[in-house]
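This report concerns only the one structure given below.
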Amino acid sequence: MAYWLIKSEPFKYSWEQFEKDKKTFWDGVRNYAARNNLRSMKKGDLAFFYHSNEGLEIVGIAKVVGEAYQDPTTTEEAWVAVDFSPYKKLKSPVSLARIKAEKRLSNMALIRLGRLSVQPVTEEEWAIVLQMAGEK
């Protein structure tokens with residue numbers, strides 16, 4: 001299993017809306033690195049759900065339930081979408097400020113590649129963030 005981080009602006013699509021919907025597709029990605037990350041996702045992979053611009057915190061965990069397919073918002077074959085369902089809301093959200101303050105996370109893509117909307121997360125980073133959220 002691989003780990004990821006996906007970003008959404010809460011005023012556009014919040015964790016709360018995601019939980020109500022029970023499933024969604026991640027579309028509209030128009031960055032090649034983010035697209036490549038979507039293409040690499042496999043069914044069963046987990047992704048941190050990060051509220052960007054507003055909130056700036058990891059609030060939950062999403063599960064990949066459908067692998068990459070043609071993004072329905074465009075006819076350009078270069079772009080893909082992936083299906084997700086909510087897996088778990090974190091006990092305590094983990095803010096960007098806390099992540100930046102944690103020296104063990106200094107190489108995390110969220111810090112190094114802050115603008116990238118779909119990012120890989122290492123197993124070690126995953127475990128540290130879960131610990132920070134009071135999950136383990």
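Following the order of the structure tokens, first chain is A, next is B, and so on, with residues numbered from 1 inside each chain and ligands from 1 in the order they appear.
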Please provide the set of residues having any atom within 12 Å of Ile111 in chain A, restricted to only C-alpha atoms, with same-chain residues fewer than 2 positions apart removed, written as an MDAnalysis selection string. chainID A and resid 5 56 95:109 113:116 119:121 125
Within 9 Å of Gly44 in chain A, counting only C-alpha atoms, which residues qualify if same-chain residues fewer than 6 places away don't, as number ranges by chain? A: 1-2, 63-66
Would you mind listing, for every residue of range 24-87 of chain A within 8 Å of range 9-18 of chain A, the two atoms forming the shortest contact and the distance between them in Å to one decimal, using only C-alpha atoms, sorted by chain and ascending residue number, as a Markdown table?
| residue | atom | partner | partner_atom | distance |
| --- | --- | --- | --- | --- |
| A:Thr24 | CA | A:Phe18 | CA | 7.1 |
| A:Phe49 | CA | A:Trp15 | CA | 7.3 |
| A:His51 | CA | A:Glu9 | CA | 5.4 |
| A:Ser52 | CA | A:Glu9 | CA | 4.9 |
| A:Asn53 | CA | A:Glu9 | CA | 6.1 |
| A:Glu54 | CA | A:Glu9 | CA | 6.5 |
| A:Gly55 | CA | A:Pro10 | CA | 7.8 |
| A:Val59 | CA | A:Trp15 | CA | 7.1 |
| A:Gly60 | CA | A:Trp15 | CA | 7.1 |
| A:Ser85 | CA | A:Phe18 | CA | 7.7 |
| A:Pro86 | CA | A:Phe18 | CA | 6.7 |
Which residue gives the smallest distance to Thr74 in chain A among A:Lys7, A:Arg30, A:Arg39, A:Lys20, with only C-alpha atoms counted?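 Looking only at the distances to Thr74 in chain A, the closest residue turns out to be A:Arg30.
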I want to know what sits within 9 Å of Tyr3 in chain A, based on only C-alpha atoms, with residues of the same chain fewer than 6 positions away left out; could you give that as a list in words?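 Non-adjacent residues within range: Met41, Asp45, Leu46, Ala47, Phe48, Gln119, Pro120, Val121, Thr122, Glu123 and Trp126 of chain A.
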Would you mind exporting C-alpha atoms of the selected residues as a compact mmCIF listing (two decimals), in the first residue's frame?
# COMPACT_ATOMS: atom_id res chain seq x y z
CA MET A 41 -2.54 5.32 -6.96
CA ASP A 45 -4.12 3.18 -0.95
CA LEU A 46 -4.77 5.80 1.73
CA ALA A 47 -4.48 9.58 1.44
CA PHE A 48 -4.48 12.36 3.99
CA GLN A 119 1.56 14.31 -3.13
CA PRO A 120 3.25 11.11 -2.02
CA VAL A 121 3.70 10.52 1.72
CA THR A 122 6.30 8.09 3.03
CA GLU A 123 5.38 5.36 5.50
CA TRP A 126 2.35 8.75 7.61
Quick one: residues within 12 Å of Glu67 in chain A, only C-alpha atoms counted, chain neighbours fewer than 4 positions away excluded, as a list in words?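 Residues meeting the cut-off are Phe25, Trp26, Asn37, Leu38, Arg39, Ser40, Met41, Lys42, Lys43, Gly44, Asp45, Lys63, Asp71, Val80, Ala81, Val82, Asp83 and Phe84 of chain A.
Atom pair CA of Gly28 in chain A / CA of Ser117 in chain A has a distance of 10.4 Å (rounded to one decimal).
CA of Trp4 in chain A lies 13.8 Å from CA of Ile128 in chain A.
Using only C-alpha atoms, the shortest contact distance between Tyr50 in chain A and any of A:Gln70, A:Ser8, A:Ser92, A:Thr75 is found at A:Ser8.
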Please measure the separation of CA of Val29 in chain A and CA of Ala133 in chain A, giving the value in Å to one decimal.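 Pair CA of Val29 in chain A / CA of Ala133 in chain A returns 27.6 Å.
Among A:Tyr32, A:Val129, A:Glu19, A:Ala68, the residue with the shortest atom-to-atom distance to Lys89 in chain A, counting only C-alpha atoms, is A:Glu19.
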